[in-house]
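Containing mmCIF, N, CA and C atoms: work22.cif.
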data_query
loop_
_atom_site.label_atom_id
_atom_site.label_comp_id
_atom_site.auth_asym_id
_atom_site.auth_seq_id
_atom_site.Cartn_x
_atom_site.Cartn_y
_atom_site.Cartn_z
N MET A 1 15.64 -15.22 -20.70
CA MET A 1 15.33 -14.26 -19.68
C MET A 1 16.52 -14.19 -18.72
N SER A 2 16.58 -13.11 -17.97
CA SER A 2 17.79 -12.88 -17.22
C SER A 2 17.53 -12.23 -15.87
N GLU A 3 18.63 -11.98 -15.19
CA GLU A 3 18.57 -11.28 -13.91
C GLU A 3 17.95 -9.90 -14.08
N SER A 4 18.19 -9.27 -15.21
CA SER A 4 17.62 -7.93 -15.43
C SER A 4 16.10 -7.96 -15.45
N ALA A 5 15.50 -9.06 -15.95
CA ALA A 5 14.04 -9.19 -15.94
C ALA A 5 13.53 -9.31 -14.51
N LEU A 6 14.25 -10.05 -13.69
CA LEU A 6 13.89 -10.17 -12.28
C LEU A 6 13.93 -8.81 -11.59
N ARG A 7 15.02 -8.10 -11.80
CA ARG A 7 15.17 -6.78 -11.17
C ARG A 7 14.11 -5.81 -11.69
N LEU A 8 13.81 -5.86 -12.96
CA LEU A 8 12.77 -4.99 -13.54
C LEU A 8 11.41 -5.29 -12.90
N GLY A 9 11.08 -6.56 -12.71
CA GLY A 9 9.81 -6.92 -12.09
C GLY A 9 9.69 -6.41 -10.67
N VAL A 10 10.78 -6.54 -9.90
CA VAL A 10 10.76 -6.10 -8.50
C VAL A 10 10.69 -4.57 -8.43
N ARG A 11 11.48 -3.90 -9.26
CA ARG A 11 11.45 -2.43 -9.25
C ARG A 11 10.11 -1.90 -9.78
N SER A 12 9.50 -2.61 -10.71
CA SER A 12 8.18 -2.20 -11.22
C SER A 12 7.14 -2.30 -10.12
N ALA A 13 7.19 -3.37 -9.35
CA ALA A 13 6.26 -3.50 -8.22
C ALA A 13 6.49 -2.38 -7.22
N GLY A 14 7.76 -2.07 -6.94
CA GLY A 14 8.07 -0.96 -6.04
C GLY A 14 7.53 0.35 -6.57
N SER A 15 7.65 0.56 -7.88
CA SER A 15 7.13 1.79 -8.50
C SER A 15 5.62 1.89 -8.36
N VAL A 16 4.92 0.78 -8.57
CA VAL A 16 3.46 0.78 -8.42
C VAL A 16 3.08 1.21 -7.02
N LEU A 17 3.77 0.65 -6.02
CA LEU A 17 3.44 0.98 -4.63
C LEU A 17 3.81 2.42 -4.29
N LEU A 18 4.94 2.91 -4.79
CA LEU A 18 5.33 4.30 -4.52
C LEU A 18 4.37 5.29 -5.17
N ILE A 19 3.99 5.05 -6.41
CA ILE A 19 3.04 5.93 -7.09
C ILE A 19 1.69 5.90 -6.38
N SER A 20 1.26 4.70 -5.99
CA SER A 20 -0.01 4.58 -5.26
C SER A 20 0.04 5.30 -3.93
N SER A 21 1.19 5.30 -3.29
CA SER A 21 1.35 6.02 -2.03
C SER A 21 1.13 7.51 -2.23
N GLY A 22 1.72 8.05 -3.28
CA GLY A 22 1.54 9.48 -3.57
C GLY A 22 0.10 9.82 -3.90
N VAL A 23 -0.53 8.97 -4.70
CA VAL A 23 -1.93 9.20 -5.04
C VAL A 23 -2.79 9.13 -3.78
N HIS A 24 -2.54 8.11 -2.96
CA HIS A 24 -3.35 7.98 -1.74
C HIS A 24 -3.13 9.16 -0.80
N ALA A 25 -1.91 9.65 -0.71
CA ALA A 25 -1.63 10.80 0.17
C ALA A 25 -2.41 12.03 -0.30
N SER A 26 -2.49 12.25 -1.60
CA SER A 26 -3.25 13.41 -2.08
C SER A 26 -4.75 13.22 -1.85
N VAL A 27 -5.25 12.01 -2.02
CA VAL A 27 -6.67 11.74 -1.74
C VAL A 27 -6.93 11.86 -0.23
N HIS A 28 -5.99 11.40 0.57
CA HIS A 28 -6.11 11.53 2.03
C HIS A 28 -6.28 13.00 2.41
N TYR A 29 -5.47 13.86 1.81
CA TYR A 29 -5.56 15.29 2.12
C TYR A 29 -6.96 15.82 1.81
N ARG A 30 -7.48 15.47 0.63
CA ARG A 30 -8.81 15.96 0.25
C ARG A 30 -9.91 15.36 1.11
N ALA A 31 -9.73 14.10 1.54
CA ALA A 31 -10.79 13.41 2.29
C ALA A 31 -10.80 13.73 3.78
N PHE A 32 -9.64 14.09 4.35
CA PHE A 32 -9.58 14.27 5.80
C PHE A 32 -9.05 15.61 6.26
N VAL A 33 -8.16 16.22 5.52
CA VAL A 33 -7.48 17.42 5.99
C VAL A 33 -8.13 18.69 5.50
N ASP A 34 -8.50 18.74 4.24
CA ASP A 34 -9.06 19.95 3.63
C ASP A 34 -10.54 20.07 3.97
N THR A 35 -10.84 20.31 5.23
CA THR A 35 -12.24 20.35 5.68
C THR A 35 -13.01 21.54 5.11
N ALA A 36 -12.32 22.57 4.64
CA ALA A 36 -13.00 23.72 4.06
C ALA A 36 -13.76 23.35 2.79
N SER A 37 -13.32 22.29 2.11
CA SER A 37 -13.98 21.89 0.86
C SER A 37 -15.10 20.88 1.08
N PHE A 38 -15.36 20.51 2.34
CA PHE A 38 -16.40 19.51 2.61
C PHE A 38 -17.79 20.06 2.30
N ASP A 39 -18.63 19.22 1.72
CA ASP A 39 -20.03 19.59 1.52
C ASP A 39 -20.81 19.19 2.78
N ALA A 40 -22.09 19.51 2.80
CA ALA A 40 -22.91 19.28 4.00
C ALA A 40 -22.96 17.80 4.42
N PRO A 41 -23.16 16.85 3.50
CA PRO A 41 -23.18 15.44 3.94
C PRO A 41 -21.85 14.98 4.55
N ARG A 42 -20.74 15.44 3.97
CA ARG A 42 -19.44 15.04 4.52
C ARG A 42 -19.22 15.66 5.89
N ARG A 43 -19.63 16.91 6.06
CA ARG A 43 -19.51 17.55 7.38
C ARG A 43 -20.35 16.80 8.41
N ALA A 44 -21.56 16.37 8.02
CA ALA A 44 -22.43 15.63 8.94
C ALA A 44 -21.79 14.29 9.32
N LEU A 45 -21.18 13.63 8.34
CA LEU A 45 -20.50 12.37 8.62
C LEU A 45 -19.33 12.60 9.58
N MET A 46 -18.54 13.63 9.33
CA MET A 46 -17.41 13.94 10.19
C MET A 46 -17.88 14.21 11.62
N GLN A 47 -18.94 15.00 11.78
CA GLN A 47 -19.45 15.32 13.11
C GLN A 47 -19.98 14.07 13.81
N ALA A 48 -20.67 13.21 13.07
CA ALA A 48 -21.19 11.97 13.67
C ALA A 48 -20.04 11.08 14.13
N MET A 49 -18.98 10.97 13.32
CA MET A 49 -17.83 10.15 13.69
C MET A 49 -17.04 10.77 14.84
N ARG A 50 -17.00 12.09 14.90
CA ARG A 50 -16.32 12.76 16.01
C ARG A 50 -17.08 12.53 17.33
N GLY A 51 -18.37 12.26 17.23
CA GLY A 51 -19.18 12.01 18.42
C GLY A 51 -19.00 10.61 19.00
N TYR A 52 -18.31 9.74 18.29
CA TYR A 52 -18.10 8.37 18.75
C TYR A 52 -16.66 8.23 19.27
N ALA A 53 -16.51 8.28 20.60
CA ALA A 53 -15.18 8.22 21.22
C ALA A 53 -14.66 6.78 21.23
N ILE A 54 -13.40 6.62 20.84
CA ILE A 54 -12.76 5.30 20.86
C ILE A 54 -11.78 5.23 22.03
N LEU A 55 -10.93 6.21 22.16
CA LEU A 55 -10.02 6.33 23.31
C LEU A 55 -10.22 7.72 23.91
N PRO A 56 -11.22 7.87 24.77
CA PRO A 56 -11.58 9.20 25.26
C PRO A 56 -10.44 9.94 25.95
N ARG A 57 -9.62 9.24 26.73
CA ARG A 57 -8.51 9.91 27.43
C ARG A 57 -7.52 10.54 26.47
N TRP A 58 -7.38 9.98 25.32
CA TRP A 58 -6.42 10.48 24.33
C TRP A 58 -7.07 11.37 23.29
N GLY A 59 -8.38 11.53 23.37
CA GLY A 59 -9.09 12.37 22.42
C GLY A 59 -9.24 11.72 21.05
N VAL A 60 -9.20 10.39 21.01
CA VAL A 60 -9.32 9.67 19.74
C VAL A 60 -10.77 9.29 19.53
N ASP A 61 -11.31 9.77 18.42
CA ASP A 61 -12.68 9.42 18.06
C ASP A 61 -12.65 8.63 16.74
N ALA A 62 -13.81 8.24 16.26
CA ALA A 62 -13.88 7.43 15.04
C ALA A 62 -13.29 8.17 13.83
N TRP A 63 -13.46 9.49 13.78
CA TRP A 63 -12.93 10.27 12.66
C TRP A 63 -11.40 10.26 12.66
N THR A 64 -10.81 10.53 13.83
CA THR A 64 -9.35 10.54 13.88
C THR A 64 -8.77 9.15 13.68
N MET A 65 -9.48 8.11 14.11
CA MET A 65 -9.01 6.74 13.90
C MET A 65 -9.01 6.41 12.40
N LEU A 66 -10.09 6.75 11.71
CA LEU A 66 -10.16 6.50 10.27
C LEU A 66 -9.09 7.30 9.54
N CYS A 67 -8.89 8.54 9.95
CA CYS A 67 -7.86 9.39 9.37
C CYS A 67 -6.48 8.76 9.60
N GLY A 68 -6.25 8.26 10.79
CA GLY A 68 -4.97 7.61 11.10
C GLY A 68 -4.73 6.36 10.27
N TYR A 69 -5.77 5.55 10.09
CA TYR A 69 -5.61 4.35 9.26
C TYR A 69 -5.30 4.72 7.82
N SER A 70 -5.93 5.75 7.32
CA SER A 70 -5.67 6.19 5.96
C SER A 70 -4.23 6.66 5.80
N LEU A 71 -3.76 7.44 6.75
CA LEU A 71 -2.39 7.93 6.70
C LEU A 71 -1.39 6.78 6.83
N CYS A 72 -1.67 5.84 7.72
CA CYS A 72 -0.80 4.67 7.88
C CYS A 72 -0.74 3.85 6.60
N PHE A 73 -1.85 3.74 5.89
CA PHE A 73 -1.87 2.99 4.63
C PHE A 73 -0.93 3.65 3.61
N ALA A 74 -0.98 4.97 3.51
CA ALA A 74 -0.09 5.68 2.59
C ALA A 74 1.37 5.47 2.99
N ILE A 75 1.65 5.52 4.28
CA ILE A 75 3.03 5.33 4.76
C ILE A 75 3.51 3.91 4.48
N LEU A 76 2.65 2.91 4.71
CA LEU A 76 3.04 1.52 4.44
C LEU A 76 3.25 1.27 2.95
N LEU A 77 2.43 1.88 2.09
CA LEU A 77 2.67 1.77 0.65
C LEU A 77 4.03 2.36 0.30
N MET A 78 4.34 3.51 0.89
CA MET A 78 5.62 4.16 0.62
C MET A 78 6.78 3.30 1.11
N LEU A 79 6.67 2.77 2.30
CA LEU A 79 7.73 1.93 2.86
C LEU A 79 7.92 0.67 2.02
N SER A 80 6.84 -0.01 1.68
CA SER A 80 6.93 -1.23 0.89
C SER A 80 7.52 -0.95 -0.49
N GLY A 81 7.08 0.11 -1.12
CA GLY A 81 7.61 0.46 -2.43
C GLY A 81 9.09 0.79 -2.38
N THR A 82 9.50 1.53 -1.36
CA THR A 82 10.91 1.89 -1.21
C THR A 82 11.76 0.65 -0.97
N LEU A 83 11.29 -0.24 -0.12
CA LEU A 83 12.04 -1.47 0.15
C LEU A 83 12.18 -2.32 -1.11
N LEU A 84 11.09 -2.50 -1.85
CA LEU A 84 11.17 -3.29 -3.07
C LEU A 84 12.09 -2.63 -4.09
N TRP A 85 11.99 -1.32 -4.23
CA TRP A 85 12.85 -0.61 -5.19
C TRP A 85 14.31 -0.80 -4.81
N TRP A 86 14.62 -0.61 -3.53
CA TRP A 86 16.01 -0.74 -3.07
C TRP A 86 16.50 -2.17 -3.24
N MET A 87 15.70 -3.15 -2.83
CA MET A 87 16.13 -4.54 -2.95
C MET A 87 16.26 -4.96 -4.41
N GLY A 88 15.37 -4.47 -5.26
CA GLY A 88 15.47 -4.78 -6.68
C GLY A 88 16.73 -4.24 -7.32
N LYS A 89 17.27 -3.22 -6.71
CA LYS A 89 18.48 -2.61 -7.26
C LYS A 89 19.75 -3.19 -6.64
N HIS A 90 19.72 -3.54 -5.35
CA HIS A 90 20.96 -3.87 -4.65
C HIS A 90 21.06 -5.31 -4.12
N LEU A 91 19.96 -6.01 -3.96
CA LEU A 91 20.02 -7.35 -3.36
C LEU A 91 20.62 -8.35 -4.34
N VAL A 92 21.38 -9.30 -3.82
CA VAL A 92 21.97 -10.36 -4.64
C VAL A 92 20.83 -11.12 -5.33
N ALA A 93 21.01 -11.40 -6.61
CA ALA A 93 19.95 -11.97 -7.44
C ALA A 93 19.40 -13.29 -6.91
N ASN A 94 20.26 -14.18 -6.40
CA ASN A 94 19.75 -15.47 -5.93
C ASN A 94 18.94 -15.34 -4.64
N ARG A 95 19.00 -14.21 -3.97
CA ARG A 95 18.15 -13.92 -2.80
C ARG A 95 16.90 -13.14 -3.22
N LEU A 96 17.01 -12.43 -4.33
CA LEU A 96 15.90 -11.58 -4.78
C LEU A 96 14.74 -12.40 -5.33
N ARG A 97 15.02 -13.49 -6.03
CA ARG A 97 13.95 -14.29 -6.63
C ARG A 97 13.00 -14.88 -5.59
N PRO A 98 13.51 -15.51 -4.49
CA PRO A 98 12.56 -16.00 -3.47
C PRO A 98 11.77 -14.87 -2.82
N LEU A 99 12.41 -13.72 -2.63
CA LEU A 99 11.71 -12.57 -2.06
C LEU A 99 10.57 -12.13 -2.99
N ALA A 100 10.86 -12.04 -4.28
CA ALA A 100 9.83 -11.64 -5.25
C ALA A 100 8.69 -12.64 -5.27
N THR A 101 9.02 -13.93 -5.22
CA THR A 101 7.98 -14.97 -5.24
C THR A 101 7.11 -14.89 -3.98
N ALA A 102 7.75 -14.79 -2.82
CA ALA A 102 7.00 -14.73 -1.56
C ALA A 102 6.13 -13.48 -1.49
N THR A 103 6.68 -12.35 -1.92
CA THR A 103 5.92 -11.10 -1.88
C THR A 103 4.74 -11.16 -2.84
N ALA A 104 4.94 -11.74 -4.02
CA ALA A 104 3.84 -11.90 -4.98
C ALA A 104 2.74 -12.77 -4.39
N LEU A 105 3.12 -13.83 -3.68
CA LEU A 105 2.12 -14.71 -3.06
C LEU A 105 1.35 -13.99 -1.95
N VAL A 106 2.05 -13.23 -1.13
CA VAL A 106 1.39 -12.48 -0.05
C VAL A 106 0.42 -11.45 -0.63
N LEU A 107 0.87 -10.70 -1.64
CA LEU A 107 -0.01 -9.70 -2.25
C LEU A 107 -1.20 -10.37 -2.93
N SER A 108 -0.98 -11.49 -3.59
CA SER A 108 -2.10 -12.21 -4.24
C SER A 108 -3.10 -12.72 -3.22
N ALA A 109 -2.59 -13.24 -2.10
CA ALA A 109 -3.49 -13.68 -1.03
C ALA A 109 -4.28 -12.49 -0.48
N GLY A 110 -3.62 -11.35 -0.34
CA GLY A 110 -4.32 -10.14 0.12
C GLY A 110 -5.43 -9.74 -0.82
N VAL A 111 -5.16 -9.79 -2.12
CA VAL A 111 -6.19 -9.47 -3.11
C VAL A 111 -7.36 -10.45 -2.98
N ALA A 112 -7.06 -11.73 -2.81
CA ALA A 112 -8.12 -12.73 -2.67
C ALA A 112 -8.97 -12.48 -1.43
N PHE A 113 -8.33 -12.17 -0.31
CA PHE A 113 -9.08 -11.89 0.92
C PHE A 113 -9.96 -10.65 0.77
N ILE A 114 -9.41 -9.60 0.17
CA ILE A 114 -10.21 -8.39 -0.04
C ILE A 114 -11.40 -8.70 -0.95
N ALA A 115 -11.15 -9.48 -2.01
CA ALA A 115 -12.22 -9.83 -2.94
C ALA A 115 -13.33 -10.63 -2.24
N LEU A 116 -12.94 -11.51 -1.34
CA LEU A 116 -13.94 -12.33 -0.65
C LEU A 116 -14.67 -11.56 0.44
N LEU A 117 -13.95 -10.74 1.19
CA LEU A 117 -14.54 -10.08 2.35
C LEU A 117 -15.33 -8.82 1.98
N ASP A 118 -14.71 -7.95 1.22
CA ASP A 118 -15.35 -6.68 0.86
C ASP A 118 -14.62 -6.09 -0.34
N PRO A 119 -15.04 -6.45 -1.54
CA PRO A 119 -14.30 -6.01 -2.74
C PRO A 119 -14.14 -4.50 -2.83
N MET A 120 -12.90 -4.10 -3.04
CA MET A 120 -12.55 -2.69 -3.23
C MET A 120 -11.67 -2.63 -4.48
N PRO A 121 -12.23 -2.23 -5.61
CA PRO A 121 -11.50 -2.31 -6.88
C PRO A 121 -10.18 -1.56 -6.92
N VAL A 122 -10.10 -0.38 -6.35
CA VAL A 122 -8.86 0.40 -6.43
C VAL A 122 -7.75 -0.30 -5.67
N GLN A 123 -8.00 -0.67 -4.41
CA GLN A 123 -6.99 -1.33 -3.61
C GLN A 123 -6.59 -2.67 -4.23
N MET A 124 -7.58 -3.41 -4.72
CA MET A 124 -7.29 -4.69 -5.34
C MET A 124 -6.44 -4.52 -6.59
N SER A 125 -6.70 -3.49 -7.36
CA SER A 125 -5.93 -3.24 -8.58
C SER A 125 -4.47 -2.91 -8.27
N VAL A 126 -4.25 -2.08 -7.27
CA VAL A 126 -2.88 -1.71 -6.88
C VAL A 126 -2.12 -2.95 -6.44
N LEU A 127 -2.69 -3.72 -5.53
CA LEU A 127 -2.00 -4.90 -5.04
C LEU A 127 -1.82 -5.96 -6.12
N ALA A 128 -2.82 -6.13 -6.98
CA ALA A 128 -2.71 -7.12 -8.06
C ALA A 128 -1.65 -6.73 -9.07
N LEU A 129 -1.55 -5.45 -9.40
CA LEU A 129 -0.53 -4.99 -10.35
C LEU A 129 0.87 -5.19 -9.78
N ALA A 130 1.04 -4.88 -8.50
CA ALA A 130 2.34 -5.11 -7.86
C ALA A 130 2.66 -6.60 -7.82
N ALA A 131 1.67 -7.42 -7.49
CA ALA A 131 1.89 -8.88 -7.45
C ALA A 131 2.22 -9.43 -8.84
N ALA A 132 1.55 -8.94 -9.86
CA ALA A 132 1.83 -9.40 -11.23
C ALA A 132 3.24 -9.00 -11.67
N SER A 133 3.67 -7.81 -11.30
CA SER A 133 5.04 -7.38 -11.63
C SER A 133 6.07 -8.29 -10.96
N LEU A 134 5.84 -8.59 -9.69
CA LEU A 134 6.75 -9.46 -8.96
C LEU A 134 6.75 -10.88 -9.53
N ALA A 135 5.56 -11.39 -9.83
CA ALA A 135 5.46 -12.74 -10.39
C ALA A 135 6.15 -12.83 -11.74
N ALA A 136 5.96 -11.82 -12.58
CA ALA A 136 6.61 -11.83 -13.89
C ALA A 136 8.13 -11.79 -13.72
N GLY A 137 8.61 -10.96 -12.82
CA GLY A 137 10.04 -10.92 -12.56
C GLY A 137 10.58 -12.24 -12.05
N ALA A 138 9.83 -12.87 -11.14
CA ALA A 138 10.28 -14.15 -10.58
C ALA A 138 10.23 -15.26 -11.62
N LEU A 139 9.22 -15.27 -12.48
CA LEU A 139 9.08 -16.32 -13.49
C LEU A 139 10.06 -16.16 -14.65
N PHE A 140 10.23 -14.94 -15.11
CA PHE A 140 11.03 -14.71 -16.32
C PHE A 140 12.48 -14.34 -16.01
N GLY A 141 12.76 -14.04 -14.77
CA GLY A 141 14.13 -13.66 -14.40
C GLY A 141 14.89 -14.87 -13.87
N ARG A 142 15.32 -15.74 -14.76
CA ARG A 142 16.06 -16.94 -14.36
C ARG A 142 17.41 -16.54 -13.81
N VAL A 143 17.67 -17.00 -12.60
CA VAL A 143 18.95 -16.71 -11.94
C VAL A 143 19.59 -18.04 -11.60
N PRO A 144 20.86 -18.25 -12.00
CA PRO A 144 21.52 -19.53 -11.66
C PRO A 144 21.63 -19.70 -10.15
N ARG A 145 21.40 -20.90 -9.70
CA ARG A 145 21.51 -21.21 -8.26
C ARG A 145 22.98 -21.17 -7.86
N ALA A 146 23.23 -20.57 -6.71
CA ALA A 146 24.62 -20.49 -6.24
C ALA A 146 24.94 -21.60 -5.28
#
Translate this structure into structure tokens?
Amino acid sequence: MSESALRLGVRSAGSVLLISSGVHASVHYRAFVDTASFDAPRRALMQAMRGYAILPRWGVDAWTMLCGYSLCFAILLMLSGTLLWWMGKHLVANRLRPLATATALVLSAGVAFIALLDPMPVQMSVLALAAASLAAGALFGRVPRA
């Protein structure tokens, strides 16, 4: 195994996060922005959430807060994927392996917490696939110590 396996694992994890970001952004649009397509139950939910003020001075209600969290999640997936892709391509190999290992551990811990607290299969699958890509790269991408 080689440095190329390490780089492939890191770039694969970045790809998973970037693709997931795009998918989440399109789902975000349908779930929060395209209100014309809402059915009656979704409209009722939106109105009920709009009635619960969180930061009244700023006009932030439960609906806009949930919408904001969803958008932030897509942005963070995009940022994380871009960083991993860039680092997998340009970072010195002996620095890349510890990064891949640490990131795989953080993502795996995140999957474990989600599984214990409130299992969400889609989010868990995305994070687990990225973690597995990073772990495979770190395990199979042997890089000589400098």
remark   = Counting only C-alpha atoms, the residue among A:Val106, A:Met78, A:Ala132, A:Leu127 that lies closest to His24 (chain A) is A:Met78
request  = Determine the nearest neighbour of Val23 (chain A) from the options A:Leu6, A:Pro41, A:Leu99, A:Ala74, counting only N, CA and C atoms.
outcome  = A:Ala74
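Selection check: the PyMOL selection byres (((chain A and resi 32 and name CA) around 10) and name CA) on the shown file gives Val27, His28, Tyr29, Arg30, Ala31, Val33, Asp34, Thr35, Phe38, Arg42, Met46, Trp63, Thr64, Leu66, Cys67, Gly68, Ser70 and Leu71 of chain A.
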request  = Give as a PyMOL selection string the residues that the PyMOL selection byres ((chain A and resi 85-90) around 7) matches when applied to the coordinates above.
outcome  = chain A and resi 6-8+10-15+80-84+91-93+96
Selection file, N, CA and C atoms, as a compact mmCIF listing (two decimals), in the frame of the given file:
# COMPACT_ATOMS: atom_id res chain seq x y z
N LEU A 6 14.25 -10.05 -13.69
CA LEU A 6 13.89 -10.17 -12.28
C LEU A 6 13.93 -8.81 -11.59
N ARG A 7 15.02 -8.10 -11.80
CA ARG A 7 15.17 -6.78 -11.17
C ARG A 7 14.11 -5.81 -11.69
N LEU A 8 13.81 -5.86 -12.96
CA LEU A 8 12.77 -4.99 -13.54
C LEU A 8 11.41 -5.29 -12.90
N VAL A 10 10.78 -6.54 -9.90
CA VAL A 10 10.76 -6.10 -8.50
C VAL A 10 10.69 -4.57 -8.43
N ARG A 11 11.48 -3.90 -9.26
CA ARG A 11 11.45 -2.43 -9.25
C ARG A 11 10.11 -1.90 -9.78
N SER A 12 9.50 -2.61 -10.71
CA SER A 12 8.18 -2.20 -11.22
C SER A 12 7.14 -2.30 -10.12
N ALA A 13 7.19 -3.37 -9.35
CA ALA A 13 6.26 -3.50 -8.22
C ALA A 13 6.49 -2.38 -7.22
N GLY A 14 7.76 -2.07 -6.94
CA GLY A 14 8.07 -0.96 -6.04
C GLY A 14 7.53 0.35 -6.57
N SER A 15 7.65 0.56 -7.88
CA SER A 15 7.13 1.79 -8.50
C SER A 15 5.62 1.89 -8.36
N SER A 80 6.84 -0.01 1.68
CA SER A 80 6.93 -1.23 0.89
C SER A 80 7.52 -0.95 -0.49
N GLY A 81 7.08 0.11 -1.12
CA GLY A 81 7.61 0.46 -2.43
C GLY A 81 9.09 0.79 -2.38
N THR A 82 9.50 1.53 -1.36
CA THR A 82 10.91 1.89 -1.21
C THR A 82 11.76 0.65 -0.97
N LEU A 83 11.29 -0.24 -0.12
CA LEU A 83 12.04 -1.47 0.15
C LEU A 83 12.18 -2.32 -1.11
N LEU A 84 11.09 -2.50 -1.85
CA LEU A 84 11.17 -3.29 -3.07
C LEU A 84 12.09 -2.63 -4.09
N LEU A 91 19.96 -6.01 -3.96
CA LEU A 91 20.02 -7.35 -3.36
C LEU A 91 20.62 -8.35 -4.34
N VAL A 92 21.38 -9.30 -3.82
CA VAL A 92 21.97 -10.36 -4.64
C VAL A 92 20.83 -11.12 -5.33
N ALA A 93 21.01 -11.40 -6.61
CA ALA A 93 19.95 -11.97 -7.44
C ALA A 93 19.40 -13.29 -6.91
N LEU A 96 17.01 -12.43 -4.33
CA LEU A 96 15.90 -11.58 -4.78
C LEU A 96 14.74 -12.40 -5.33
key: Per-residue DSSP, chain A, filtered to helix (DSSP H, G or I), as number ranges by chain   = A: 3-33, 35-37, 40-50, 56-58, 62-90, 93-117, 121-140
task = Could you give me, as number ranges by chain, the residues within 7 Å of Ala128 (chain A), counting all atoms listed in the file and dropping anything in the same chain fewer than 6 positions from it?
result = A: 107-108, 111
Spatial neighbours of Gly9 (chain A), 6 Å, only C-alpha atoms, chain gap at least 4 places, as a PDB file with N, CA and C atoms, in the frame of the given file:
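Final output, result16.pdb:
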ATOM      1  N   SER A 133       3.670  -7.810 -11.300  1.00  0.00           N
ATOM      2  CA  SER A 133       5.040  -7.380 -11.630  1.00  0.00           C
ATOM      3  C   SER A 133       6.070  -8.290 -10.960  1.00  0.00           C
ATOM      4  N   LEU A 134       5.840  -8.590  -9.690  1.00  0.00           N
ATOM      5  CA  LEU A 134       6.750  -9.460  -8.960  1.00  0.00           C
ATOM      6  C   LEU A 134       6.750 -10.880  -9.530  1.00  0.00           C
ATOM      7  N   GLY A 137       8.610 -10.960 -12.820  1.00  0.00           N
ATOM      8  CA  GLY A 137      10.040 -10.920 -12.560  1.00  0.00           C
ATOM      9  C   GLY A 137      10.580 -12.240 -12.050  1.00  0.00           C
TER      10      GLY A 137
END
What would the selection look like, as a PDB file with N, CA and C atoms, in the coordinates of the input, if the PyMOL selection byres ((chain A and resi 62) around 7) were run on the coordinates I just shared?
ATOM      1  N   MET A  49     -18.980  10.970  13.320  1.00  0.00           N
ATOM      2  CA  MET A  49     -17.830  10.150  13.690  1.00  0.00           C
ATOM      3  C   MET A  49     -17.040  10.770  14.840  1.00  0.00           C
ATOM      4  N   ARG A  50     -17.000  12.090  14.900  1.00  0.00           N
ATOM      5  CA  ARG A  50     -16.320  12.760  16.010  1.00  0.00           C
ATOM      6  C   ARG A  50     -17.080  12.530  17.330  1.00  0.00           C
ATOM      7  N   GLY A  51     -18.370  12.260  17.230  1.00  0.00           N
ATOM      8  CA  GLY A  51     -19.180  12.010  18.420  1.00  0.00           C
ATOM      9  C   GLY A  51     -19.000  10.610  19.000  1.00  0.00           C
ATOM     10  N   TYR A  52     -18.310   9.740  18.290  1.00  0.00           N
ATOM     11  CA  TYR A  52     -18.100   8.370  18.750  1.00  0.00           C
ATOM     12  C   TYR A  52     -16.660   8.230  19.270  1.00  0.00           C
ATOM     13  N   ALA A  53     -16.510   8.280  20.600  1.00  0.00           N
ATOM     14  CA  ALA A  53     -15.180   8.220  21.220  1.00  0.00           C
ATOM     15  C   ALA A  53     -14.660   6.780  21.230  1.00  0.00           C
ATOM     16  N   ILE A  54     -13.400   6.620  20.840  1.00  0.00           N
ATOM     17  CA  ILE A  54     -12.760   5.300  20.860  1.00  0.00           C
ATOM     18  C   ILE A  54     -11.780   5.230  22.030  1.00  0.00           C
ATOM     19  N   LEU A  55     -10.930   6.210  22.160  1.00  0.00           N
ATOM     20  CA  LEU A  55     -10.020   6.330  23.310  1.00  0.00           C
ATOM     21  C   LEU A  55     -10.220   7.720  23.910  1.00  0.00           C
ATOM     22  N   VAL A  60      -9.200  10.390  21.010  1.00  0.00           N
ATOM     23  CA  VAL A  60      -9.320   9.670  19.740  1.00  0.00           C
ATOM     24  C   VAL A  60     -10.770   9.290  19.530  1.00  0.00           C
ATOM     25  N   ASP A  61     -11.310   9.770  18.420  1.00  0.00           N
ATOM     26  CA  ASP A  61     -12.680   9.420  18.060  1.00  0.00           C
ATOM     27  C   ASP A  61     -12.650   8.630  16.740  1.00  0.00           C
ATOM     28  N   TRP A  63     -13.460   9.490  13.780  1.00  0.00           N
ATOM     29  CA  TRP A  63     -12.930  10.270  12.660  1.00  0.00           C
ATOM     30  C   TRP A  63     -11.400  10.260  12.660  1.00  0.00           C
ATOM     31  N   THR A  64     -10.810  10.530  13.830  1.00  0.00           N
ATOM     32  CA  THR A  64      -9.350  10.540  13.880  1.00  0.00           C
ATOM     33  C   THR A  64      -8.770   9.150  13.680  1.00  0.00           C
ATOM     34  N   MET A  65      -9.480   8.110  14.110  1.00  0.00           N
ATOM     35  CA  MET A  65      -9.010   6.740  13.900  1.00  0.00           C
ATOM     36  C   MET A  65      -9.010   6.410  12.400  1.00  0.00           C
ATOM     37  N   LEU A  66     -10.090   6.750  11.710  1.00  0.00           N
ATOM     38  CA  LEU A  66     -10.160   6.500  10.270  1.00  0.00           C
ATOM     39  C   LEU A  66      -9.090   7.300   9.540  1.00  0.00           C
ATOM     40  N   CYS A  67      -8.890   8.540   9.950  1.00  0.00           N
ATOM     41  CA  CYS A  67      -7.860   9.390   9.370  1.00  0.00           C
ATOM     42  C   CYS A  67      -6.480   8.760   9.600  1.00  0.00           C
TER      43      CYS A  67
END
task = Run DSSP on the backbone of this structure and report the residues of region 19-89 of chain A it assigns to strand (DSSP E or B), as a VMD selection string.
result = chain A and resid 53 to 55 60 to 61
request  = Go ahead and compute the interatomic distance for CA of Ser37 (chain A) and atom C of Pro119 (chain A), in Å to one decimal.
outcome  =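 Atom-to-atom, CA of Ser37 (chain A) and atom C of Pro119 (chain A) are spaced 26.6 Å apart.
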message = Could you check the closest approach to Leu105 (chain A) for each of A:Ile19, A:Leu117, A:Leu76, A:Ala138 and tell me which residue wins, using only C-alpha atoms?
response = A:Ala138
note = Here CA of Gly141 (chain A) and CA of Ala102 (chain A) stand apart by 14.7 Å
inquiry  = Would you compute the distance between atom N of Leu129 (chain A) and atom N of Ser2 (chain A)? Give it in Å to one decimal.
reply    = 21.5 Å
